[in-house]
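Asker: Just final.txt, nothing more (compact mmCIF, N, CA and C atoms):
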```
# COMPACT_ATOMS: atom_id res chain seq x y z
N MET P 1276 -14.36 66.06 -31.14
CA MET P 1276 -14.14 65.59 -29.80
C MET P 1276 -12.68 65.16 -29.66
N THR P 1277 -12.02 65.65 -28.65
CA THR P 1277 -10.64 65.30 -28.38
C THR P 1277 -10.61 64.26 -27.27
N LEU P 1278 -9.91 63.19 -27.50
CA LEU P 1278 -9.79 62.14 -26.50
C LEU P 1278 -8.55 62.42 -25.65
N GLU P 1279 -8.77 62.56 -24.36
CA GLU P 1279 -7.68 62.83 -23.43
C GLU P 1279 -7.05 61.52 -22.96
N PRO P 1280 -5.75 61.53 -22.71
CA PRO P 1280 -5.12 60.33 -22.15
C PRO P 1280 -5.76 59.98 -20.80
N ALA P 1281 -5.96 58.70 -20.57
CA ALA P 1281 -6.58 58.23 -19.33
C ALA P 1281 -5.54 58.07 -18.24
N GLU P 1282 -6.02 58.10 -17.01
CA GLU P 1282 -5.17 57.85 -15.84
C GLU P 1282 -5.88 56.84 -14.96
N GLY P 1283 -5.12 56.05 -14.22
CA GLY P 1283 -5.71 55.09 -13.30
C GLY P 1283 -6.28 53.88 -14.02
N VAL P 1284 -7.21 53.22 -13.37
CA VAL P 1284 -7.81 52.01 -13.92
C VAL P 1284 -9.03 52.36 -14.77
N VAL P 1285 -9.17 51.66 -15.90
CA VAL P 1285 -10.32 51.83 -16.79
C VAL P 1285 -11.09 50.51 -16.81
N GLN P 1286 -12.40 50.59 -16.60
CA GLN P 1286 -13.27 49.42 -16.66
C GLN P 1286 -14.12 49.50 -17.92
N ALA P 1287 -14.32 48.34 -18.56
CA ALA P 1287 -15.12 48.27 -19.78
C ALA P 1287 -16.51 47.72 -19.46
N VAL P 1288 -17.53 48.43 -19.92
CA VAL P 1288 -18.93 48.04 -19.73
C VAL P 1288 -19.44 47.58 -21.10
N VAL P 1289 -19.54 46.26 -21.28
CA VAL P 1289 -19.97 45.70 -22.55
C VAL P 1289 -21.32 45.03 -22.32
N VAL P 1290 -22.37 45.60 -22.90
CA VAL P 1290 -23.72 45.07 -22.79
C VAL P 1290 -24.15 44.58 -24.17
N TYR P 1291 -24.68 43.34 -24.20
CA TYR P 1291 -25.14 42.78 -25.46
C TYR P 1291 -26.33 41.86 -25.18
N ASP P 1292 -27.41 42.09 -25.85
CA ASP P 1292 -28.58 41.23 -25.76
C ASP P 1292 -29.04 41.03 -24.31
N GLY P 1293 -29.04 42.12 -23.53
CA GLY P 1293 -29.50 42.06 -22.15
C GLY P 1293 -28.53 41.41 -21.18
N ARG P 1294 -27.28 41.24 -21.61
CA ARG P 1294 -26.26 40.61 -20.77
C ARG P 1294 -25.03 41.51 -20.66
N LEU P 1295 -24.31 41.36 -19.56
CA LEU P 1295 -23.11 42.14 -19.27
C LEU P 1295 -21.90 41.23 -19.27
N LEU P 1296 -20.84 41.65 -19.95
CA LEU P 1296 -19.60 40.88 -19.99
C LEU P 1296 -18.85 41.04 -18.67
N LEU P 1297 -18.56 39.91 -18.03
CA LEU P 1297 -17.83 39.90 -16.76
C LEU P 1297 -16.64 38.95 -16.86
N VAL P 1298 -15.62 39.23 -16.04
CA VAL P 1298 -14.45 38.37 -15.97
C VAL P 1298 -14.20 38.01 -14.50
N ASP P 1299 -13.60 36.85 -14.28
CA ASP P 1299 -13.24 36.41 -12.94
C ASP P 1299 -11.83 36.91 -12.65
N ASP P 1300 -11.73 37.81 -11.67
CA ASP P 1300 -10.41 38.36 -11.34
C ASP P 1300 -9.75 37.63 -10.18
N GLY P 1301 -10.28 36.47 -9.81
CA GLY P 1301 -9.73 35.71 -8.70
C GLY P 1301 -10.46 35.98 -7.39
N ASP P 1302 -11.09 37.15 -7.29
CA ASP P 1302 -11.87 37.51 -6.10
C ASP P 1302 -13.36 37.53 -6.40
N GLY P 1303 -13.74 37.18 -7.61
CA GLY P 1303 -15.14 37.21 -8.01
C GLY P 1303 -15.29 37.81 -9.39
N TRP P 1304 -16.54 37.99 -9.80
CA TRP P 1304 -16.85 38.50 -11.14
C TRP P 1304 -16.85 40.02 -11.12
N THR P 1305 -16.22 40.59 -12.13
CA THR P 1305 -16.12 42.04 -12.24
C THR P 1305 -16.03 42.43 -13.71
N LEU P 1306 -16.00 43.71 -13.97
CA LEU P 1306 -15.85 44.21 -15.33
C LEU P 1306 -14.41 44.02 -15.79
N PRO P 1307 -14.19 43.77 -17.09
CA PRO P 1307 -12.82 43.75 -17.59
C PRO P 1307 -12.19 45.12 -17.33
N SER P 1308 -10.97 45.11 -16.82
CA SER P 1308 -10.33 46.40 -16.51
C SER P 1308 -8.83 46.30 -16.66
N GLY P 1309 -8.22 47.47 -16.80
CA GLY P 1309 -6.78 47.55 -16.93
C GLY P 1309 -6.32 48.99 -16.91
N THR P 1310 -5.03 49.17 -16.99
CA THR P 1310 -4.45 50.51 -16.95
C THR P 1310 -4.06 50.95 -18.36
N PRO P 1311 -4.18 52.24 -18.63
CA PRO P 1311 -3.85 52.74 -19.97
C PRO P 1311 -2.36 52.72 -20.24
N GLN P 1312 -2.03 52.59 -21.50
CA GLN P 1312 -0.66 52.77 -21.94
C GLN P 1312 -0.41 54.28 -22.05
N PRO P 1313 0.85 54.71 -22.11
CA PRO P 1313 1.12 56.15 -22.20
C PRO P 1313 0.34 56.82 -23.34
N ALA P 1314 -0.33 57.91 -23.02
CA ALA P 1314 -1.10 58.74 -23.96
C ALA P 1314 -2.32 58.03 -24.55
N GLU P 1315 -2.73 56.91 -23.96
CA GLU P 1315 -3.88 56.16 -24.47
C GLU P 1315 -5.17 56.68 -23.85
N PRO P 1316 -6.16 57.06 -24.66
CA PRO P 1316 -7.45 57.49 -24.12
C PRO P 1316 -8.20 56.32 -23.47
N ALA P 1317 -9.10 56.64 -22.56
CA ALA P 1317 -9.86 55.62 -21.84
C ALA P 1317 -10.63 54.71 -22.79
N GLU P 1318 -11.21 55.27 -23.85
CA GLU P 1318 -11.99 54.48 -24.79
C GLU P 1318 -11.11 53.43 -25.48
N ALA P 1319 -9.89 53.81 -25.83
CA ALA P 1319 -8.96 52.86 -26.45
C ALA P 1319 -8.48 51.83 -25.43
N THR P 1320 -8.26 52.25 -24.20
CA THR P 1320 -7.85 51.32 -23.15
C THR P 1320 -8.91 50.25 -22.95
N ALA P 1321 -10.18 50.67 -22.86
CA ALA P 1321 -11.27 49.72 -22.66
C ALA P 1321 -11.31 48.69 -23.79
N GLY P 1322 -11.21 49.14 -25.02
CA GLY P 1322 -11.24 48.23 -26.15
C GLY P 1322 -10.06 47.26 -26.13
N ARG P 1323 -8.89 47.76 -25.83
CA ARG P 1323 -7.69 46.92 -25.80
C ARG P 1323 -7.78 45.88 -24.69
N VAL P 1324 -8.21 46.32 -23.51
CA VAL P 1324 -8.28 45.42 -22.35
C VAL P 1324 -9.28 44.29 -22.60
N VAL P 1325 -10.45 44.62 -23.13
CA VAL P 1325 -11.45 43.58 -23.41
C VAL P 1325 -10.87 42.57 -24.38
N TYR P 1326 -10.23 43.04 -25.43
CA TYR P 1326 -9.68 42.13 -26.42
C TYR P 1326 -8.57 41.25 -25.81
N GLU P 1327 -7.67 41.86 -25.06
CA GLU P 1327 -6.56 41.11 -24.47
C GLU P 1327 -7.05 40.06 -23.47
N LEU P 1328 -8.05 40.40 -22.67
CA LEU P 1328 -8.53 39.48 -21.65
C LEU P 1328 -9.48 38.42 -22.18
N THR P 1329 -10.41 38.84 -23.06
CA THR P 1329 -11.52 37.96 -23.45
C THR P 1329 -11.49 37.50 -24.90
N GLY P 1330 -10.80 38.22 -25.76
CA GLY P 1330 -10.80 37.91 -27.19
C GLY P 1330 -11.93 38.56 -27.95
N TYR P 1331 -12.85 39.24 -27.25
CA TYR P 1331 -13.94 39.94 -27.93
C TYR P 1331 -13.45 41.29 -28.44
N LEU P 1332 -13.86 41.63 -29.63
CA LEU P 1332 -13.53 42.92 -30.23
C LEU P 1332 -14.64 43.90 -29.88
N VAL P 1333 -14.28 45.01 -29.23
CA VAL P 1333 -15.24 46.03 -28.86
C VAL P 1333 -14.68 47.40 -29.21
N ASP P 1334 -15.58 48.37 -29.22
CA ASP P 1334 -15.21 49.76 -29.48
C ASP P 1334 -15.68 50.59 -28.30
N GLY P 1335 -14.75 51.22 -27.59
CA GLY P 1335 -15.11 52.09 -26.48
C GLY P 1335 -15.78 53.34 -27.02
N THR P 1336 -17.02 53.61 -26.59
CA THR P 1336 -17.77 54.70 -27.20
C THR P 1336 -18.08 55.85 -26.25
N GLU P 1337 -18.22 55.58 -24.95
CA GLU P 1337 -18.69 56.63 -24.05
C GLU P 1337 -18.17 56.40 -22.64
N SER P 1338 -17.51 57.40 -22.07
CA SER P 1338 -17.08 57.31 -20.68
C SER P 1338 -18.23 57.71 -19.78
N LEU P 1339 -18.41 56.95 -18.70
CA LEU P 1339 -19.44 57.27 -17.72
C LEU P 1339 -18.83 58.16 -16.65
N ALA P 1340 -19.48 59.27 -16.38
CA ALA P 1340 -18.99 60.19 -15.36
C ALA P 1340 -19.17 59.55 -14.00
N PRO P 1341 -18.13 59.56 -13.16
CA PRO P 1341 -18.29 59.03 -11.80
C PRO P 1341 -19.35 59.83 -11.06
N GLN P 1342 -20.02 59.17 -10.12
CA GLN P 1342 -21.03 59.86 -9.34
C GLN P 1342 -20.37 60.89 -8.43
N ALA P 1343 -21.14 61.90 -8.07
CA ALA P 1343 -20.65 62.92 -7.13
C ALA P 1343 -20.21 62.24 -5.86
N GLY P 1344 -19.10 62.65 -5.34
CA GLY P 1344 -18.58 62.09 -4.10
C GLY P 1344 -17.77 60.82 -4.31
N ALA P 1345 -17.54 60.43 -5.58
CA ALA P 1345 -16.74 59.24 -5.84
C ALA P 1345 -15.31 59.49 -5.39
N GLY P 1346 -14.71 58.46 -4.84
CA GLY P 1346 -13.33 58.58 -4.36
C GLY P 1346 -12.35 58.67 -5.51
N PRO P 1347 -11.14 59.14 -5.22
CA PRO P 1347 -10.12 59.27 -6.27
C PRO P 1347 -9.67 57.93 -6.83
N ASP P 1348 -9.92 56.85 -6.09
CA ASP P 1348 -9.50 55.53 -6.56
C ASP P 1348 -10.56 54.83 -7.41
N GLU P 1349 -11.74 55.46 -7.57
CA GLU P 1349 -12.79 54.83 -8.38
C GLU P 1349 -12.35 54.80 -9.84
N ALA P 1350 -12.50 53.63 -10.44
CA ALA P 1350 -12.09 53.45 -11.83
C ALA P 1350 -13.02 54.20 -12.77
N LEU P 1351 -12.48 54.61 -13.88
CA LEU P 1351 -13.27 55.23 -14.94
C LEU P 1351 -13.92 54.11 -15.74
N ALA P 1352 -15.22 54.18 -15.94
CA ALA P 1352 -15.94 53.16 -16.70
C ALA P 1352 -16.24 53.68 -18.10
N VAL P 1353 -16.07 52.81 -19.10
CA VAL P 1353 -16.30 53.16 -20.49
C VAL P 1353 -17.29 52.17 -21.09
N VAL P 1354 -18.38 52.68 -21.65
CA VAL P 1354 -19.35 51.85 -22.34
C VAL P 1354 -18.75 51.45 -23.69
N CYS P 1355 -18.85 50.16 -24.01
CA CYS P 1355 -18.27 49.65 -25.24
C CYS P 1355 -19.34 48.95 -26.08
N GLN P 1356 -19.19 49.05 -27.37
CA GLN P 1356 -20.07 48.36 -28.31
C GLN P 1356 -19.38 47.08 -28.75
N LEU P 1357 -20.09 45.96 -28.67
CA LEU P 1357 -19.54 44.67 -29.10
C LEU P 1357 -19.48 44.63 -30.62
N LEU P 1358 -18.33 44.28 -31.16
CA LEU P 1358 -18.14 44.22 -32.60
C LEU P 1358 -18.02 42.79 -33.12
N SER P 1359 -17.75 41.83 -32.23
CA SER P 1359 -17.64 40.43 -32.64
C SER P 1359 -18.41 39.56 -31.65
N GLU P 1360 -19.27 38.70 -32.16
CA GLU P 1360 -20.08 37.86 -31.28
C GLU P 1360 -19.32 36.66 -30.75
N SER P 1361 -18.19 36.35 -31.35
CA SER P 1361 -17.37 35.23 -30.90
C SER P 1361 -15.98 35.76 -30.57
N PRO P 1362 -15.38 35.24 -29.49
CA PRO P 1362 -14.03 35.70 -29.15
C PRO P 1362 -12.99 35.08 -30.07
N SER P 1363 -11.91 35.80 -30.27
CA SER P 1363 -10.80 35.26 -31.05
C SER P 1363 -9.93 34.40 -30.14
N ASP P 1364 -9.06 33.62 -30.73
CA ASP P 1364 -8.13 32.81 -29.95
C ASP P 1364 -7.07 33.72 -29.34
N GLY P 1365 -6.45 33.26 -28.30
CA GLY P 1365 -5.35 34.00 -27.71
C GLY P 1365 -5.75 34.94 -26.59
N ALA P 1366 -6.98 34.81 -26.08
CA ALA P 1366 -7.41 35.65 -24.97
C ALA P 1366 -6.57 35.34 -23.74
N GLY P 1367 -6.34 36.33 -22.91
CA GLY P 1367 -5.54 36.16 -21.71
C GLY P 1367 -6.21 35.32 -20.64
N LEU P 1368 -7.54 35.27 -20.67
CA LEU P 1368 -8.29 34.49 -19.68
C LEU P 1368 -8.87 33.24 -20.33
N ALA P 1369 -8.98 32.17 -19.55
CA ALA P 1369 -9.62 30.96 -20.03
C ALA P 1369 -11.12 31.21 -20.20
N ARG P 1370 -11.77 30.45 -21.04
CA ARG P 1370 -13.20 30.66 -21.32
C ARG P 1370 -14.06 30.60 -20.06
N GLU P 1371 -13.69 29.76 -19.09
CA GLU P 1371 -14.48 29.67 -17.86
C GLU P 1371 -14.30 30.89 -16.96
N GLN P 1372 -13.34 31.76 -17.29
CA GLN P 1372 -13.13 32.99 -16.53
C GLN P 1372 -13.84 34.19 -17.17
N VAL P 1373 -14.61 33.92 -18.20
CA VAL P 1373 -15.35 34.96 -18.92
C VAL P 1373 -16.80 34.52 -18.99
N ARG P 1374 -17.72 35.43 -18.67
CA ARG P 1374 -19.14 35.07 -18.77
C ARG P 1374 -19.98 36.26 -19.16
N TRP P 1375 -21.09 35.95 -19.80
CA TRP P 1375 -22.11 36.94 -20.13
C TRP P 1375 -23.23 36.76 -19.11
N ALA P 1376 -23.36 37.67 -18.18
CA ALA P 1376 -24.36 37.57 -17.12
C ALA P 1376 -25.58 38.39 -17.49
N PRO P 1377 -26.78 37.81 -17.35
CA PRO P 1377 -27.98 38.64 -17.52
C PRO P 1377 -27.87 39.84 -16.58
N ILE P 1378 -28.26 41.02 -17.05
CA ILE P 1378 -28.07 42.24 -16.26
C ILE P 1378 -28.62 42.11 -14.84
N PRO P 1379 -29.82 41.56 -14.64
CA PRO P 1379 -30.31 41.44 -13.25
C PRO P 1379 -29.40 40.58 -12.37
N GLU P 1380 -28.73 39.58 -12.96
CA GLU P 1380 -27.83 38.71 -12.19
C GLU P 1380 -26.47 39.33 -11.96
N ALA P 1381 -26.15 40.40 -12.66
CA ALA P 1381 -24.84 41.05 -12.51
C ALA P 1381 -24.78 41.89 -11.25
N ASP P 1382 -25.90 41.97 -10.53
CA ASP P 1382 -25.96 42.78 -9.33
C ASP P 1382 -24.95 42.36 -8.28
N GLY P 1383 -24.59 41.08 -8.25
CA GLY P 1383 -23.63 40.60 -7.27
C GLY P 1383 -22.19 40.91 -7.63
N ALA P 1384 -21.95 41.39 -8.83
CA ALA P 1384 -20.59 41.71 -9.26
C ALA P 1384 -20.14 43.03 -8.65
N ALA P 1385 -18.84 43.21 -8.58
CA ALA P 1385 -18.27 44.46 -8.06
C ALA P 1385 -18.38 45.54 -9.14
N LEU P 1386 -19.45 46.33 -9.07
CA LEU P 1386 -19.70 47.36 -10.07
C LEU P 1386 -19.74 48.73 -9.39
N PRO P 1387 -19.09 49.72 -10.00
CA PRO P 1387 -19.17 51.07 -9.43
C PRO P 1387 -20.58 51.65 -9.58
N PRO P 1388 -20.95 52.60 -8.73
CA PRO P 1388 -22.30 53.19 -8.77
C PRO P 1388 -22.69 53.74 -10.15
N ALA P 1389 -21.76 54.37 -10.86
CA ALA P 1389 -22.08 54.93 -12.18
C ALA P 1389 -22.49 53.83 -13.15
N VAL P 1390 -21.87 52.66 -13.04
CA VAL P 1390 -22.21 51.53 -13.92
C VAL P 1390 -23.56 50.97 -13.53
N ARG P 1391 -23.83 50.85 -12.23
CA ARG P 1391 -25.14 50.36 -11.78
C ARG P 1391 -26.25 51.27 -12.31
N ASP P 1392 -26.04 52.59 -12.25
CA ASP P 1392 -27.04 53.53 -12.77
C ASP P 1392 -27.23 53.34 -14.27
N TYR P 1393 -26.15 53.19 -15.00
CA TYR P 1393 -26.22 52.97 -16.44
C TYR P 1393 -27.02 51.71 -16.75
N LEU P 1394 -26.74 50.63 -16.02
CA LEU P 1394 -27.40 49.36 -16.29
C LEU P 1394 -28.88 49.39 -15.97
N ARG P 1395 -29.29 50.21 -15.00
CA ARG P 1395 -30.71 50.31 -14.67
C ARG P 1395 -31.52 50.73 -15.90
N GLY P 1396 -30.94 51.54 -16.75
CA GLY P 1396 -31.61 51.98 -17.95
C GLY P 1396 -31.54 50.99 -19.09
N HIS P 1397 -30.80 49.89 -18.89
CA HIS P 1397 -30.63 48.90 -19.96
C HIS P 1397 -31.10 47.51 -19.56
N THR P 1398 -31.83 47.41 -18.47
CA THR P 1398 -32.34 46.12 -18.04
C THR P 1398 -33.60 45.81 -18.83
N PRO P 1399 -33.65 44.64 -19.49
CA PRO P 1399 -34.85 44.31 -20.28
C PRO P 1399 -36.08 44.22 -19.36
N ALA P 1400 -37.22 44.66 -19.90
CA ALA P 1400 -38.46 44.61 -19.12
C ALA P 1400 -39.04 43.23 -19.11
```
Starting from the coordinates I provided, produce the structure as structure tokens.
Answerer:
Amino acid sequence: MTLEPAEGVVQAVVVYDGRLLLVDDGDGWTLPSGTPQPAEPAEATAGRVVYELTGYLVDGTESLAPQAGAGPDEALAVVCQLLSESPSDGAGLAREQVRWAPIPEADGAALPPAVRDYLRGHTPA
């Protein structure tokens, strides 16, 4: 598998123990997101952004295809596997700006349709 350099904004989808990692961007709760560095694949961007913002170590594993009819400004979402249960020091956001929301409660967050579809399959019964 060849990883292509990403363009635009990349959002990280980190699900652990029935909860979704969210950050406060000043306008409400959303997925950790950022722009890729030159020649950086989306999976690497997602991992870097989560670490820089929250201090959690994750591995970007799978890009979610945008839904048909998605606009050109829709961010690319990458599913990430959590590698550390505790954040390291030096995160860009304060602890109160980072939360693990139960998936059903994450419905109020600004999530793209592809992420909402992905989460429907991961909501605990």
Asker: When you draw a straight line from CA of Gln1356 (chain P) to CA of Ala1287 (chain P), how long is it in Å?
Answerer: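 CA of Ala1287 (chain P) lies 9.9 Å from CA of Gln1356 (chain P).
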Asker: Using only C-alpha atoms for the distances, tell me which of P:Val1333, P:Leu1328, P:Ile1378, P:Val1284 is nearest to Glu1360 (chain P).
Answerer: P:Val1333
Asker: Would you please work out which residue, of P:Pro1379, P:Cys1355, P:Trp1304, P:Ser1361, is nearest to Tyr1291 (chain P) when using all atoms listed in the file?
Answerer: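 With all atoms listed in the file as the atom set, the closest residue is P:Cys1355.
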Asker: Give me the residues near Leu1357 (chain P) as a PyMOL selection string, where near means some atom within 10 Å (using only C-alpha atoms) and where sequence neighbours in that chain fewer than 5 positions away do not count.
Answerer: chain P and resi 1288-1291+1296+1322+1325+1331-1335
Asker: Can you list, as a count of residues only, every protein, DNA or RNA residue that comes within 12 Å of Asp1300 (chain P) when you count only C-alpha atoms, leaving out same-chain residues fewer than 5 positions away?
Answerer: 15
Asker: Please report the interatomic distance between atom C of Glu1380 (chain P) and atom C of Val1324 (chain P) in Å with one decimal.
Answerer: 20.8 Å
Asker: As a list of chain:residue names, please: all residues of chain P that backbone DSSP puts in alpha helix (DSSP H).
Answerer: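 The alpha helix (DSSP H) subset of chain P is P:Ala1317, P:Glu1318, P:Ala1319, P:Thr1320, P:Ala1321, P:Gly1322, P:Arg1323, P:Val1324, P:Val1325, P:Tyr1326, P:Glu1327, P:Leu1328, P:Thr1329, P:Pro1388, P:Ala1389, P:Val1390, P:Arg1391, P:Asp1392, P:Tyr1393, P:Leu1394, P:Arg1395.
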Asker: Would you fill out region 1373-1383 of chain P with all heavy atoms and return it as a CSV table (one decimal), keeping the file's coordinate frame?
Answerer:
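File written: out34.csv
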```csv
chain,number,residue,atom,x,y,z
P,1373,VAL,N,-14.6,33.9,-18.2
P,1373,VAL,CA,-15.4,35.0,-18.9
P,1373,VAL,C,-16.8,34.5,-19.0
P,1373,VAL,O,-17.1,33.4,-19.3
P,1373,VAL,CB,-14.8,35.2,-20.4
P,1373,VAL,CG1,-15.6,36.2,-21.1
P,1373,VAL,CG2,-13.3,35.5,-20.3
P,1374,ARG,N,-17.7,35.4,-18.7
P,1374,ARG,CA,-19.1,35.1,-18.8
P,1374,ARG,C,-20.0,36.3,-19.2
P,1374,ARG,O,-19.6,37.4,-18.9
P,1374,ARG,CB,-19.6,34.5,-17.5
P,1374,ARG,CG,-19.9,35.4,-16.4
P,1374,ARG,CD,-20.3,34.7,-15.1
P,1374,ARG,NE,-21.8,34.7,-15.0
P,1374,ARG,CZ,-22.4,35.1,-13.9
P,1374,ARG,NH1,-21.8,35.6,-12.9
P,1374,ARG,NH2,-23.7,35.1,-13.9
P,1375,TRP,N,-21.1,36.0,-19.8
P,1375,TRP,CA,-22.1,36.9,-20.1
P,1375,TRP,C,-23.2,36.8,-19.1
P,1375,TRP,O,-24.0,35.8,-19.2
P,1375,TRP,CB,-22.6,36.7,-21.5
P,1375,TRP,CG,-21.7,37.2,-22.6
P,1375,TRP,CD1,-20.8,36.4,-23.3
P,1375,TRP,CD2,-21.5,38.5,-23.1
P,1375,TRP,NE1,-20.0,37.1,-24.1
P,1375,TRP,CE2,-20.4,38.4,-24.1
P,1375,TRP,CE3,-22.0,39.7,-22.8
P,1375,TRP,CZ2,-20.0,39.6,-24.7
P,1375,TRP,CZ3,-21.6,40.8,-23.5
P,1375,TRP,CH2,-20.6,40.8,-24.4
P,1376,ALA,N,-23.4,37.7,-18.2
P,1376,ALA,CA,-24.4,37.6,-17.1
P,1376,ALA,C,-25.6,38.4,-17.5
P,1376,ALA,O,-25.4,39.6,-17.9
P,1376,ALA,CB,-23.8,38.1,-15.8
P,1377,PRO,N,-26.8,37.8,-17.4
P,1377,PRO,CA,-28.0,38.6,-17.5
P,1377,PRO,C,-27.9,39.8,-16.6
P,1377,PRO,O,-27.4,39.7,-15.4
P,1377,PRO,CB,-29.1,37.7,-17.1
P,1377,PRO,CG,-28.6,36.3,-17.4
P,1377,PRO,CD,-27.1,36.4,-17.0
P,1378,ILE,N,-28.3,41.0,-17.0
P,1378,ILE,CA,-28.1,42.2,-16.3
P,1378,ILE,C,-28.6,42.1,-14.8
P,1378,ILE,O,-27.9,42.5,-13.9
P,1378,ILE,CB,-28.6,43.5,-17.0
P,1378,ILE,CG1,-27.7,43.7,-18.2
P,1378,ILE,CG2,-28.7,44.7,-16.1
P,1378,ILE,CD1,-28.2,44.8,-19.1
P,1379,PRO,N,-29.8,41.6,-14.6
P,1379,PRO,CA,-30.3,41.4,-13.2
P,1379,PRO,C,-29.4,40.6,-12.4
P,1379,PRO,O,-29.3,40.8,-11.2
P,1379,PRO,CB,-31.7,40.8,-13.4
P,1379,PRO,CG,-32.1,41.1,-14.8
P,1379,PRO,CD,-30.8,41.2,-15.6
P,1380,GLU,N,-28.7,39.6,-13.0
P,1380,GLU,CA,-27.8,38.7,-12.2
P,1380,GLU,C,-26.5,39.3,-12.0
P,1380,GLU,O,-25.7,38.8,-11.1
P,1380,GLU,CB,-27.7,37.4,-12.9
P,1380,GLU,CG,-28.9,36.5,-12.9
P,1380,GLU,CD,-28.8,35.3,-13.7
P,1380,GLU,OE1,-27.6,34.8,-13.9
P,1380,GLU,OE2,-29.8,34.7,-14.1
P,1381,ALA,N,-26.2,40.4,-12.7
P,1381,ALA,CA,-24.8,41.0,-12.5
P,1381,ALA,C,-24.8,41.9,-11.2
P,1381,ALA,O,-23.7,42.4,-10.9
P,1381,ALA,CB,-24.5,41.9,-13.7
P,1382,ASP,N,-25.9,42.0,-10.5
P,1382,ASP,CA,-26.0,42.8,-9.3
P,1382,ASP,C,-25.0,42.4,-8.3
P,1382,ASP,O,-24.5,43.2,-7.5
P,1382,ASP,CB,-27.4,42.7,-8.7
P,1382,ASP,CG,-27.8,44.1,-8.2
P,1382,ASP,OD1,-27.2,45.1,-8.6
P,1382,ASP,OD2,-28.7,44.1,-7.4
P,1383,GLY,N,-24.6,41.1,-8.2
P,1383,GLY,CA,-23.6,40.6,-7.3
P,1383,GLY,C,-22.2,40.9,-7.6
P,1383,GLY,O,-21.3,40.7,-6.8
```
